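Here the structure comes first, spelled out in structure tokens, and everything after it is commentary.
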Amino acid sequence: MVNPVKNNTFFRVFIGVGVFWLLFAGCAQTIPEQALQLSKESLEHRQLQTRRFHTDEKTLLSASASVLQDLGFNINESETELGVIVGSKQRDATSPSQVVGAVVVVLLTGVMPPIDKEQLIRASLVTRPIHIHETDPSKCRTAVRITFQRIVSNSQGQITRREGICEAKIYQAFFDKLAQSLFLEAHEI
Amino acid sequence: MKRKQLFTTALLFALIFLGSCAPSYHQILATKESQVKLRAIQTRAFDATDKDKMLRTVIATLQDLGFIVDKADHVLGAVSGTKLNQYTLRMTVSVRPRGDTQLLVRANAQYNITAVENPEPYQQFFDALSKAVFLSAHPVD
């Protein structure tokens, strides 16, 4: 048999610890040490996300805005003086493998687990003049860097993922489209 | 009797817990540090005068640190960015002239739902910015 007095003390301590945990849990959020530190990968990411084009900044910006529109992004913000365009789009985020997994869980337990449902994709594009030629735009050189992020939420509306995109293929494909857009605009198609 | 004791203890803890909380709207103007101290840790002066170039360098530095730029305003001299890495780090950086020879750069950051008020992260940010502008950052009194 458990001693009733001992049991009571144990219970009080348990509640006390619980309450203090609740009190201090809110204070535990601190910024990770590496959050604002240049990482080893930062140079690699810069190269991945940057391309140079033989054109002036204004032309490159408008061609970039067209590509973002081609890809279904809505322009949220733009500051041409600083060469910034920000766009976003909301899309489906269901992945077949996750759905299959969920179906298996439903069959075994009868409870539907939450699966990824929607994602907010954000793109931020920044141009930087490298060489400016006053009269001939084709002698100008401008760099453009684009960065993508996404926020994925599940069928219960909770955020499951918040991440920057580092896949080389994505950036390569974007710049291919941008090169094509510049070509089209140069020929006014 | 025991149940009563237990109830009293729970009530006491609940009171301590609730008593420690001000109404949540106090957050609107809440800071942990003083205004002067916050400015000191969030601001640096650079020996440069080209605001446009500084703003573009701030944008490039934010991108290098994994932020995506959300907003930029040339007239206000303000740039905001967000970094997502399973956490949300939002940062606003402003650039304004200080006299005829210097530019003041101020940064403030928010990590998930808390303000970043310790000096180290800002020092790291200004270190990265100094490298990018090839200038040293002076503390501001």
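As shown in the structure tokens, the chain order sets the letters A, B, ...; within each chain, residues go from 1, and ligands are also counted from 1 in the order they appear.
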Practice task
Name the residues of chain B that come out as alpha helix (DSSP H) in a backbone DSSP run; write them as a VMD selection string.
Solution key: chain B and resid 2 to 19 35 to 42 51 to 64 119 to 133
Can you spit out the residues from that selection as a JSON list (two decimals), in the first residue's frame, using C-alpha atoms?
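Listing of part16.json after writing:
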```json
[["chain", "number", "residue", "atom", "x", "y", "z"],
["B", 2, "LYS", "CA", -6.39, 16.38, 2.21],
["B", 3, "ARG", "CA", -8.51, 17.35, -0.74],
["B", 4, "LYS", "CA", -8.96, 20.80, 0.78],
["B", 5, "GLN", "CA", -5.19, 21.16, 1.22],
["B", 6, "LEU", "CA", -4.62, 20.13, -2.34],
["B", 7, "PHE", "CA", -7.23, 22.58, -3.55],
["B", 8, "THR", "CA", -5.64, 25.42, -1.55],
["B", 9, "THR", "CA", -2.20, 24.63, -2.95],
["B", 10, "ALA", "CA", -3.48, 24.55, -6.52],
["B", 11, "LEU", "CA", -5.34, 27.83, -5.99],
["B", 12, "LEU", "CA", -2.22, 29.45, -4.54],
["B", 13, "PHE", "CA", -0.12, 28.43, -7.53],
["B", 14, "ALA", "CA", -2.84, 29.58, -9.91],
["B", 15, "LEU", "CA", -2.90, 32.99, -8.21],
["B", 16, "ILE", "CA", 0.90, 33.31, -8.40],
["B", 17, "PHE", "CA", 0.74, 32.35, -12.05],
["B", 18, "LEU", "CA", -2.04, 34.79, -12.94],
["B", 19, "GLY", "CA", -0.65, 37.55, -10.71],
["B", 35, "GLN", "CA", 15.48, 52.88, -24.83],
["B", 36, "VAL", "CA", 19.07, 54.14, -24.54],
["B", 37, "LYS", "CA", 20.54, 50.67, -24.12],
["B", 38, "LEU", "CA", 18.49, 49.26, -27.00],
["B", 39, "ARG", "CA", 19.65, 52.02, -29.32],
["B", 40, "ALA", "CA", 23.25, 51.38, -28.33],
["B", 41, "ILE", "CA", 23.10, 47.67, -29.14],
["B", 42, "GLN", "CA", 21.04, 48.08, -32.30],
["B", 51, "LYS", "CA", 22.76, 56.01, -48.55],
["B", 52, "ASP", "CA", 21.70, 54.18, -51.71],
["B", 53, "LYS", "CA", 24.83, 52.02, -51.71],
["B", 54, "MET", "CA", 24.49, 51.30, -47.98],
["B", 55, "LEU", "CA", 20.86, 50.22, -48.44],
["B", 56, "ARG", "CA", 21.84, 47.91, -51.28],
["B", 57, "THR", "CA", 24.63, 46.45, -49.14],
["B", 58, "VAL", "CA", 22.20, 45.92, -46.26],
["B", 59, "ILE", "CA", 19.90, 44.05, -48.66],
["B", 60, "ALA", "CA", 22.81, 41.91, -49.91],
["B", 61, "THR", "CA", 23.92, 41.15, -46.34],
["B", 62, "LEU", "CA", 20.40, 40.13, -45.34],
["B", 63, "GLN", "CA", 20.31, 37.82, -48.36],
["B", 64, "ASP", "CA", 23.70, 36.34, -47.42],
["B", 119, "PRO", "CA", 23.64, 42.37, -27.98],
["B", 120, "GLU", "CA", 25.32, 39.30, -29.58],
["B", 121, "PRO", "CA", 22.99, 38.74, -32.54],
["B", 122, "TYR", "CA", 23.22, 42.43, -33.49],
["B", 123, "GLN", "CA", 27.00, 42.34, -33.17],
["B", 124, "GLN", "CA", 27.02, 39.37, -35.58],
["B", 125, "PHE", "CA", 24.80, 41.23, -38.02],
["B", 126, "PHE", "CA", 27.00, 44.34, -37.98],
["B", 127, "ASP", "CA", 30.13, 42.17, -38.36],
["B", 128, "ALA", "CA", 28.62, 40.71, -41.53],
["B", 129, "LEU", "CA", 27.60, 44.17, -42.76],
["B", 130, "SER", "CA", 31.08, 45.63, -42.05],
["B", 131, "LYS", "CA", 32.64, 42.88, -44.13],
["B", 132, "ALA", "CA", 30.30, 43.67, -46.99],
["B", 133, "VAL", "CA", 30.93, 47.45, -47.00]]
```
Can you check which parts of chain A lie within 7 Å of chain B? Per residue, the shortest pair of atoms and distance in Å to one decimal, counting only C-alpha atoms, sorted by chain and number, as a Markdown table.
```
| residue | atom | partner | partner_atom | distance |
| --- | --- | --- | --- | --- |
| A:Val19 | CA | B:Phe13 | CA | 6.8 |
| A:Leu23 | CA | B:Phe17 | CA | 6.7 |
| A:Ile31 | CA | B:Tyr111 | CA | 6.0 |
| A:Leu36 | CA | B:Phe125 | CA | 5.6 |
| A:Gln37 | CA | B:Gln124 | CA | 5.7 |
| A:Leu38 | CA | B:Leu65 | CA | 5.7 |
| A:Ser42 | CA | B:Asp64 | CA | 5.6 |
| A:Arg46 | CA | B:Asp64 | CA | 6.5 |
| A:Glu77 | CA | B:Lys71 | CA | 6.4 |
| A:Glu79 | CA | B:Ala72 | CA | 6.1 |
| A:Glu81 | CA | B:His74 | CA | 6.4 |
| A:Leu82 | CA | B:His74 | CA | 6.5 |
| A:Val84 | CA | B:Ala72 | CA | 6.9 |
| A:Val86 | CA | B:Asp70 | CA | 6.3 |
| A:Ser124 | CA | B:Val69 | CA | 5.8 |
| A:Thr147 | CA | B:Ile68 | CA | 6.0 |
| A:Arg161 | CA | B:Gln86 | CA | 6.2 |
| A:Arg162 | CA | B:Gln86 | CA | 4.8 |
| A:Glu163 | CA | B:Leu84 | CA | 4.7 |
| A:Gly164 | CA | B:Leu84 | CA | 5.8 |
```
Store the residues picked out above, limited to C-alpha atoms, as a PDB file, in the first residue's frame.
```pdb
ATOM      1  CA  VAL A  19       3.206  25.206 -12.519  1.00  0.00           C
ATOM      2  CA  LEU A  23       5.694  29.834 -15.867  1.00  0.00           C
ATOM      3  CA  ILE A  31      17.503  33.219 -30.854  1.00  0.00           C
ATOM      4  CA  LEU A  36      22.775  36.003 -37.781  1.00  0.00           C
ATOM      5  CA  GLN A  37      26.162  34.510 -38.516  1.00  0.00           C
ATOM      6  CA  LEU A  38      27.533  34.101 -42.020  1.00  0.00           C
ATOM      7  CA  SER A  42      26.351  31.409 -47.574  1.00  0.00           C
ATOM      8  CA  ARG A  46      24.807  33.369 -53.140  1.00  0.00           C
ATOM      9  CA  GLU A  77       5.929  44.866 -52.948  1.00  0.00           C
ATOM     10  CA  GLU A  79      10.936  49.372 -54.871  1.00  0.00           C
ATOM     11  CA  GLU A  81      14.951  52.621 -56.709  1.00  0.00           C
ATOM     12  CA  LEU A  82      16.638  49.822 -54.786  1.00  0.00           C
ATOM     13  CA  VAL A  84      13.537  45.013 -55.083  1.00  0.00           C
ATOM     14  CA  VAL A  86       8.620  40.734 -53.680  1.00  0.00           C
ATOM     15  CA  SER A 124      12.180  38.093 -53.237  1.00  0.00           C
ATOM     16  CA  THR A 147      15.490  33.854 -52.926  1.00  0.00           C
ATOM     17  CA  ARG A 161       7.380  23.735 -42.156  1.00  0.00           C
ATOM     18  CA  ARG A 162       9.023  27.122 -42.461  1.00  0.00           C
ATOM     19  CA  GLU A 163      12.050  27.073 -44.688  1.00  0.00           C
ATOM     20  CA  GLY A 164      14.244  28.771 -47.229  1.00  0.00           C
TER      21      GLY A 164
END
```
Which residues, written as a short mmCIF file (atom, residue, chain, number, x, y, z; two decimals) with C-alpha atoms, in the first residue's frame, have at least one atom at most 9 Å from Pro129 in chain A, with only C-alpha atoms counted and residues fewer than 4 positions away on the same chain left out?
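Saved the output as result_6.cif:
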```cif
data_model
loop_
_atom_site.label_atom_id
_atom_site.label_comp_id
_atom_site.auth_asym_id
_atom_site.auth_seq_id
_atom_site.Cartn_x
_atom_site.Cartn_y
_atom_site.Cartn_z
CA ASP A 56 20.47 47.68 -67.50
CA GLU A 57 18.71 47.46 -64.14
CA CYS A 140 25.47 47.52 -68.92
CA ARG A 141 25.89 44.61 -66.59
CA THR A 142 23.45 43.87 -63.79
CA ALA A 143 23.34 41.08 -61.21
CA VAL A 144 20.09 39.60 -59.99
#
```
Practice task
May I have the residues within 9 Å of range 100-117 of chain A as a list in words, using only C-alpha atoms and disregarding those fewer than 2 positions away in the same chain?
Solution key: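 After dropping sequence-adjacent residues, the list is Arg91, Asp92, Ala93, Thr94, Ser95, Pro96, Ser97, Gln98, Gln119, Val152, Ser153, Asn154, Ser155, Gln156, Gly157, Ile159 and Thr160 of chain A.
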Dump as a PDB file, in the first residue's frame, selection limited to C-alpha atoms:
```
ATOM      1  CA  ARG A  91      -0.557  26.594 -53.622  1.00  0.00           C
ATOM      2  CA  ASP A  92      -1.457  23.002 -52.844  1.00  0.00           C
ATOM      3  CA  ALA A  93       1.102  21.119 -50.706  1.00  0.00           C
ATOM      4  CA  THR A  94      -0.243  17.563 -50.585  1.00  0.00           C
ATOM      5  CA  SER A  95       2.369  14.934 -51.341  1.00  0.00           C
ATOM      6  CA  PRO A  96       1.304  11.466 -52.546  1.00  0.00           C
ATOM      7  CA  SER A  97       3.632   9.630 -50.138  1.00  0.00           C
ATOM      8  CA  GLN A  98       2.166  11.468 -47.155  1.00  0.00           C
ATOM      9  CA  GLN A 119       1.868  26.268 -48.840  1.00  0.00           C
ATOM     10  CA  VAL A 152       3.617  24.771 -45.301  1.00  0.00           C
ATOM     11  CA  SER A 153       0.467  24.214 -43.252  1.00  0.00           C
ATOM     12  CA  ASN A 154      -1.436  20.976 -42.692  1.00  0.00           C
ATOM     13  CA  SER A 155      -5.088  19.943 -42.864  1.00  0.00           C
ATOM     14  CA  GLN A 156      -5.601  21.247 -39.301  1.00  0.00           C
ATOM     15  CA  GLY A 157      -4.241  24.664 -40.192  1.00  0.00           C
ATOM     16  CA  ILE A 159       2.308  25.294 -39.701  1.00  0.00           C
ATOM     17  CA  THR A 160       4.452  22.224 -40.311  1.00  0.00           C
TER      18      THR A 160
END
```
